[in-house]
Every structure is written in structure tokens, then in C-alpha cells.
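run-v3.tsv follows (TSV, C-alpha atoms):
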```
chain	number	residue	atom	x	y	z
N	1	MET	CA	0.00	0.00	0.00
N	2	THR	CA	1.50	3.35	-1.01
N	3	ARG	CA	1.55	6.43	1.21
N	4	GLU	CA	-1.11	8.05	-0.94
N	5	GLU	CA	-3.39	5.02	-0.54
N	6	LYS	CA	-2.80	5.00	3.21
N	7	ALA	CA	-3.57	8.73	3.42
N	8	GLN	CA	-6.76	8.14	1.45
N	9	VAL	CA	-7.82	5.30	3.79
N	10	ILE	CA	-7.09	7.46	6.85
N	11	GLU	CA	-9.08	10.34	5.36
N	12	SER	CA	-12.07	8.09	4.65
N	13	LEU	CA	-11.86	6.65	8.18
N	14	VAL	CA	-11.81	10.13	9.72
N	15	GLU	CA	-14.92	10.96	7.71
N	16	LYS	CA	-16.62	7.72	8.85
N	17	PHE	CA	-15.74	8.37	12.50
N	18	ASN	CA	-17.12	11.90	12.23
N	19	ASN	CA	-20.35	10.72	10.57
N	20	ASN	CA	-20.94	7.73	12.86
N	21	PRO	CA	-21.13	8.51	16.59
N	22	PHE	CA	-21.17	4.79	17.40
N	23	PHE	CA	-18.42	2.39	16.37
N	24	TYR	CA	-17.19	-0.95	17.60
N	25	ILE	CA	-13.82	-2.63	17.08
N	26	ALA	CA	-14.14	-6.39	16.70
N	27	ASP	CA	-11.81	-9.33	16.14
N	28	ALA	CA	-13.15	-11.80	13.58
N	29	SER	CA	-9.94	-13.80	13.27
N	30	GLY	CA	-10.49	-17.52	13.18
N	31	LEU	CA	-13.66	-17.25	11.14
N	32	SER	CA	-13.72	-18.83	7.70
N	33	VAL	CA	-14.21	-16.68	4.61
N	34	GLY	CA	-17.81	-17.93	4.41
N	35	GLN	CA	-18.46	-16.99	8.03
N	36	VAL	CA	-16.98	-13.51	7.54
N	37	ASN	CA	-19.19	-13.06	4.47
N	38	ASP	CA	-22.22	-14.18	6.51
N	39	PHE	CA	-21.26	-11.65	9.19
N	40	ARG	CA	-20.96	-8.88	6.58
N	41	ARG	CA	-24.39	-9.80	5.18
N	42	LEU	CA	-25.92	-9.66	8.65
N	43	CYS	CA	-24.29	-6.27	9.25
N	44	PHE	CA	-25.66	-4.96	5.95
N	45	LYS	CA	-29.12	-6.32	6.73
N	46	GLU	CA	-29.11	-4.60	10.14
N	47	GLY	CA	-27.93	-1.26	8.73
N	48	VAL	CA	-24.38	-1.25	10.09
N	49	GLU	CA	-21.13	-1.28	8.14
N	50	TYR	CA	-18.27	-3.69	8.82
N	51	LYS	CA	-14.83	-2.80	7.52
N	52	VAL	CA	-11.44	-4.46	8.12
N	53	VAL	CA	-8.61	-1.95	8.40
N	54	LYS	CA	-5.00	-2.06	9.61
N	55	ASN	CA	-4.60	-1.05	13.27
N	56	THR	CA	-2.04	1.67	12.51
N	57	LEU	CA	-4.43	3.32	10.06
N	58	ILE	CA	-7.28	3.16	12.57
N	59	LYS	CA	-5.04	4.72	15.24
N	60	LYS	CA	-3.90	7.51	12.91
N	61	ALA	CA	-7.51	8.28	11.98
N	62	LEU	CA	-8.59	8.33	15.63
N	63	ASP	CA	-5.70	10.66	16.47
N	64	GLN	CA	-7.05	13.19	13.97
N	65	LEU	CA	-10.43	13.41	15.72
N	66	ASP	CA	-11.35	16.03	18.32
N	67	ASN	CA	-12.07	13.52	21.10
N	68	ASP	CA	-9.43	11.50	22.92
N	69	PHE	CA	-9.63	7.84	21.90
N	70	SER	CA	-6.27	6.81	23.37
N	71	ASP	CA	-8.04	4.28	25.62
N	72	LEU	CA	-8.84	2.29	22.48
N	73	ASP	CA	-5.12	1.72	21.80
N	74	VAL	CA	-5.40	-1.45	23.89
N	75	ALA	CA	-8.00	-2.79	21.45
N	76	LEU	CA	-5.87	-2.06	18.39
N	77	LYS	CA	-3.80	-5.22	18.51
N	78	GLY	CA	-4.14	-8.19	16.18
N	79	PHE	CA	-6.97	-8.51	13.67
N	80	SER	CA	-9.37	-5.56	13.79
N	81	GLY	CA	-12.59	-4.79	12.00
N	82	ILE	CA	-14.66	-1.69	12.63
N	83	ILE	CA	-18.45	-1.77	12.79
N	84	PHE	CA	-19.97	1.64	12.14
N	85	SER	CA	-23.50	2.64	13.12
N	86	ALA	CA	-24.95	6.08	12.49
N	87	GLU	CA	-28.39	5.54	14.03
N	88	SER	CA	-28.30	3.00	16.84
N	89	ASN	CA	-25.81	2.67	19.67
N	90	ASN	CA	-26.69	-0.96	20.30
N	91	ALA	CA	-27.07	-2.29	16.74
N	92	PRO	CA	-23.46	-3.51	16.36
N	93	ALA	CA	-23.62	-5.35	19.70
N	94	LYS	CA	-26.90	-6.97	18.70
N	95	VAL	CA	-25.40	-8.00	15.35
N	96	ILE	CA	-22.42	-9.64	17.08
N	97	LYS	CA	-24.71	-11.47	19.52
N	98	ALA	CA	-27.06	-12.59	16.74
N	99	PHE	CA	-24.16	-13.87	14.65
N	100	ARG	CA	-22.69	-15.76	17.60
N	101	SER	CA	-26.01	-17.38	18.47
N	102	LYS	CA	-26.51	-18.37	14.83
N	103	GLN	CA	-23.05	-19.98	14.74
N	104	GLY	CA	-23.55	-21.97	17.94
N	105	LYS	CA	-21.88	-22.00	21.32
N	106	GLN	CA	-18.52	-23.28	20.06
N	107	ILE	CA	-17.75	-20.02	18.20
N	108	LYS	CA	-17.27	-16.88	20.29
N	109	ARG	CA	-16.27	-14.74	17.33
N	110	PRO	CA	-16.27	-11.94	16.48
N	111	LEU	CA	-14.88	-10.73	19.79
N	112	LEU	CA	-15.68	-7.23	20.93
N	113	LYS	CA	-12.35	-5.49	21.47
N	114	GLY	CA	-13.65	-1.99	22.10
N	115	ALA	CA	-16.48	0.41	21.40
N	116	SER	CA	-17.19	4.12	21.39
N	117	ILE	CA	-20.72	5.23	22.20
N	118	ASP	CA	-20.97	9.03	22.00
N	119	SER	CA	-17.28	9.24	23.00
N	120	ASP	CA	-17.71	6.85	25.97
N	121	ILE	CA	-15.18	4.04	25.65
N	122	PHE	CA	-15.90	0.38	26.41
N	123	ILE	CA	-13.03	-2.12	26.32
N	124	GLY	CA	-13.39	-5.90	26.22
N	125	ASP	CA	-15.85	-8.58	25.20
N	126	GLU	CA	-17.38	-8.63	28.70
N	127	ASN	CA	-19.17	-5.35	27.80
N	128	LEU	CA	-21.07	-6.93	24.89
N	129	GLU	CA	-24.13	-7.79	26.99
N	130	THR	CA	-24.27	-4.31	28.50
N	131	LEU	CA	-23.93	-2.65	25.11
N	132	SER	CA	-26.61	-4.82	23.52
N	133	ASN	CA	-29.04	-3.88	26.31
N	134	LEU	CA	-28.56	-0.14	25.85
N	135	LYS	CA	-31.63	1.57	24.53
N	136	SER	CA	-31.29	3.31	21.19
N	137	LYS	CA	-32.31	6.92	20.74
N	138	SER	CA	-35.54	5.96	18.96
N	139	GLU	CA	-36.44	3.48	21.74
N	140	LEU	CA	-35.89	6.17	24.39
N	141	ILE	CA	-37.96	8.71	22.46
N	142	GLY	CA	-40.76	6.15	22.13
N	143	GLU	CA	-40.74	5.50	25.87
N	144	VAL	CA	-40.83	9.22	26.68
N	145	ILE	CA	-43.76	9.76	24.30
N	146	THR	CA	-45.61	6.83	25.85
N	147	LEU	CA	-45.01	8.22	29.34
N	148	LEU	CA	-46.15	11.67	28.29
N	149	GLN	CA	-49.29	10.33	26.60
N	150	SER	CA	-50.33	8.15	29.53
N	151	PRO	CA	-51.34	10.95	31.97
N	152	ALA	CA	-53.12	12.84	29.20
N	153	LYS	CA	-55.12	9.74	28.28
N	154	ASN	CA	-56.02	9.19	31.93
N	155	VAL	CA	-57.21	12.79	32.32
N	156	ILE	CA	-59.25	12.62	29.11
N	157	SER	CA	-60.85	9.32	30.06
N	158	ALA	CA	-61.62	10.59	33.56
N	159	LEU	CA	-63.20	13.73	32.16
N	160	SER	CA	-65.22	11.85	29.56
N	161	SER	CA	-66.43	9.23	32.03
N	162	GLY	CA	-67.05	11.97	34.58
N	163	SER	CA	-69.35	13.83	32.20
N	164	ASP	CA	-71.37	10.65	31.71
N	165	LYS	CA	-71.65	10.19	35.47
N	166	LEU	CA	-72.42	13.85	36.01
N	167	GLY	CA	-75.07	13.78	33.29
N	168	GLY	CA	-76.56	10.64	34.81
N	169	ILE	CA	-76.71	12.21	38.26
N	170	VAL	CA	-78.37	15.38	36.93
N	171	LYS	CA	-80.94	13.29	35.04
N	172	THR	CA	-81.66	11.20	38.13
N	173	LEU	CA	-82.16	14.33	40.19
N	174	GLN	CA	-84.50	15.76	37.54
N	175	ASP	CA	-86.49	12.54	37.50
N	176	ARG	CA	-86.86	12.68	41.30
N	177	GLU	CA	-88.18	16.23	41.22
N	178	ALA	CA	-90.76	15.38	38.60
```
Now, as a test, write the supplied structure out as C-alpha cells.
Amino acid sequence: MTREEKAQVIESLVEKFNNNPFFYIADASGLSVGQVNDFRRLCFKEGVEYKVVKNTLIKKALDQLDNDFSDLDVALKGFSGIIFSAESNNAPAKVIKAFRSKQGKQIKRPLLKGASIDSDIFIGDENLETLSNLKSKSELIGEVITLLQSPAKNVISALSSGSDKLGGIVKTLQDREA
């Protein structure tokens, strides 16, 4: 790879990191070509992008960003693939878990080496469960809307049922007077 090609890869990585607030670094070594292709297909289907890049190029791209990603240096050893997600913070973790469960218990690949969720750094495969259980932005917005709608619905139903009761009481009182 020439210097120009490396500079071009670094530039495209910097752009990807800037456009995707959520990225995971995974180790898919030990998987067959067919398994890696299956993993890529699953990533594509779930709306995330998987890209294998040399560790030095990843590090140089991260160094050019505004945030400090030096904690991820530990994860940049051996085989590294980056999973980018623009929309969902938990989608890459769910993709890794889904792929592992599809492969069976004997395969624990790809391994989660590190992740950045809105500049928060997670290191190690033991964080996979935590990351997959995080709620995405759209899930949180849905919950807030549901919570906000619930009291309004209760008030409206109380008022509407109250008018029926109130009307019934008034009618009963009128009938008594007559």
C-alpha cells in the first residue's frame, strides 16, 4: 500500500468516524471466509457497516479526531474490524450477539475489542451484553412519548367518564323532582 493510498484510507476513516457517533472494534480472526461473508451480510441487513482496516491506520484516523480515543489503543492489537452505526448505539452489539447465536456456542467470534458510544469508551468482550441492552435513541424517544401520553389519556378518560356520570346524576335528580 503506497503512502497516498494509506492517506486516502485514513481520510475516509476520519470521515466515517465523524459521521458515525457509534463504532465498535471487533476481532473476527479464526472465522472462515464464508463466516466472515455471513457476518458482513448480517451487518448490511441490520444497517451497520463492517470494515477491516489495519490497526495503525485506525489509530492515525482516531488521532485526527477532536475527542481522545487513546483508551482504544489497547483494542488495536491483532486482527481488527470496525463496525460503524450512524443511528443506533446498540445495533453492532446486537449484530455480534445474533451472529454468535446463529453460529452456535462453540464459536465466540467476532470478539468485541472496544467500542465508542458518543465518546464513551468500552473495552473488552465482557461489555457486549451491557452494550446490547442499551436503549437506542428511537427506543428512548418512544418511551418518553408513551409516558407523556399516559397521563393525558387518563385525564381525558376521567373527564369523559365523569361527564357521563355527572349527566346521569343530573338526570336522576330531575327525575326525582318530577
>> List the spatial neighbours of N:Lys94 as number ranges by chain - criterion: any atom at most 7 Å away, all atoms listed in the file, same-chain residues fewer than 4 positions off excluded.
In response: N: 90, 98, 132
> Got a sec: who's within 10 Å of stretch 16-19 of chain N, counting all atoms listed in the file, leaving out chain neighbours fewer than 2 positions off, as an NGL selection string?
Replying inline: :N and (10-14 or 21-23 or 58 or 61-62 or 65-66 or 84-86 or 116)
Keeping only C-alpha atoms, write the selected residues as a compact mmCIF listing (two decimals), in the frame of the given file.
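Result saved to out15.txt:
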```
# COMPACT_ATOMS: atom_id res chain seq x y z
CA ILE N 10 -7.09 7.46 6.85
CA GLU N 11 -9.08 10.34 5.36
CA SER N 12 -12.07 8.09 4.65
CA LEU N 13 -11.86 6.65 8.18
CA VAL N 14 -11.81 10.13 9.72
CA PRO N 21 -21.13 8.51 16.59
CA PHE N 22 -21.17 4.79 17.40
CA PHE N 23 -18.42 2.39 16.37
CA ILE N 58 -7.28 3.16 12.57
CA ALA N 61 -7.51 8.28 11.98
CA LEU N 62 -8.59 8.33 15.63
CA LEU N 65 -10.43 13.41 15.72
CA ASP N 66 -11.35 16.03 18.32
CA PHE N 84 -19.97 1.64 12.14
CA SER N 85 -23.50 2.64 13.12
CA ALA N 86 -24.95 6.08 12.49
CA SER N 116 -17.19 4.12 21.39
```
> What does the distance from atom CA of N:Glu129 to atom CA of N:Ala91 come to in Å, to one decimal?
Replying inline: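 One can read the atom CA of N:Glu129 to atom CA of N:Ala91 distance as 12.0 Å.
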>> Restricting the calculation to all atoms listed in the file: of N:Tyr24, N:Leu111, N:Ala75, N:Gly34, which residue gets closest to N:Lys51?
In response: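 Under the stated criterion, the closest residue is N:Tyr24.
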>> Just the number, please: distance in Å from atom CA of N:Asn89 to atom CA of N:Ser70, one decimal.
In response: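 A separation of 20.3 Å between them.
Across N:Ile96, N:Ala7, N:Val33, N:Leu76, the tightest approach to N:Asn55 is made by N:Leu76 when counting all atoms listed in the file.
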> Taking into account all atoms listed in the file, which residue in the set N:Pro151, N:Gly104, N:Gln8, N:Thr146 is nearest to N:Leu57?
Replying inline: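 That would be N:Gln8, the residue with the smallest distance to N:Leu57.
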>> Can you pull out the residues contacting N:Val36? Cut-off 12 Å, using only C-alpha atoms, and skip same-chain residues under 2 positions away; I want them as a list in words.
In response: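 Once the adjacent positions are removed, what remains is Ala26, Asp27, Ala28, Ser29, Gly30, Leu31, Ser32, Val33, Gly34, Asp38, Phe39, Arg40, Arg41, Leu42, Cys43, Tyr50, Lys51, Val52, Gly81, Ile96, Phe99, Arg100, Gln103, Arg109 and Pro110 of chain N.
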>> For a quick check of understanding, using all atoms listed in the file, which of N:Ile107, N:Ile25, N:Ile145, N:Ile121 has the smallest distance to N:Asn67?
In response: N:Ile121
>> Here's a test: counting all atoms listed in the file, identify every protein, DNA and RNA residue with an atom at most 7 Å from (-11.5, -7.9, 23.1) in the file's coordinate frame, and state them as a list in words.
In response: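 Output: Ala75, Leu111, Leu112, Lys113, Gly114, Ile123, Gly124 and Asp125 of chain N.
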> By how many Å are atom CA of N:Lys135 and atom CA of N:Ile117 apart?
Replying inline: 11.7 Å
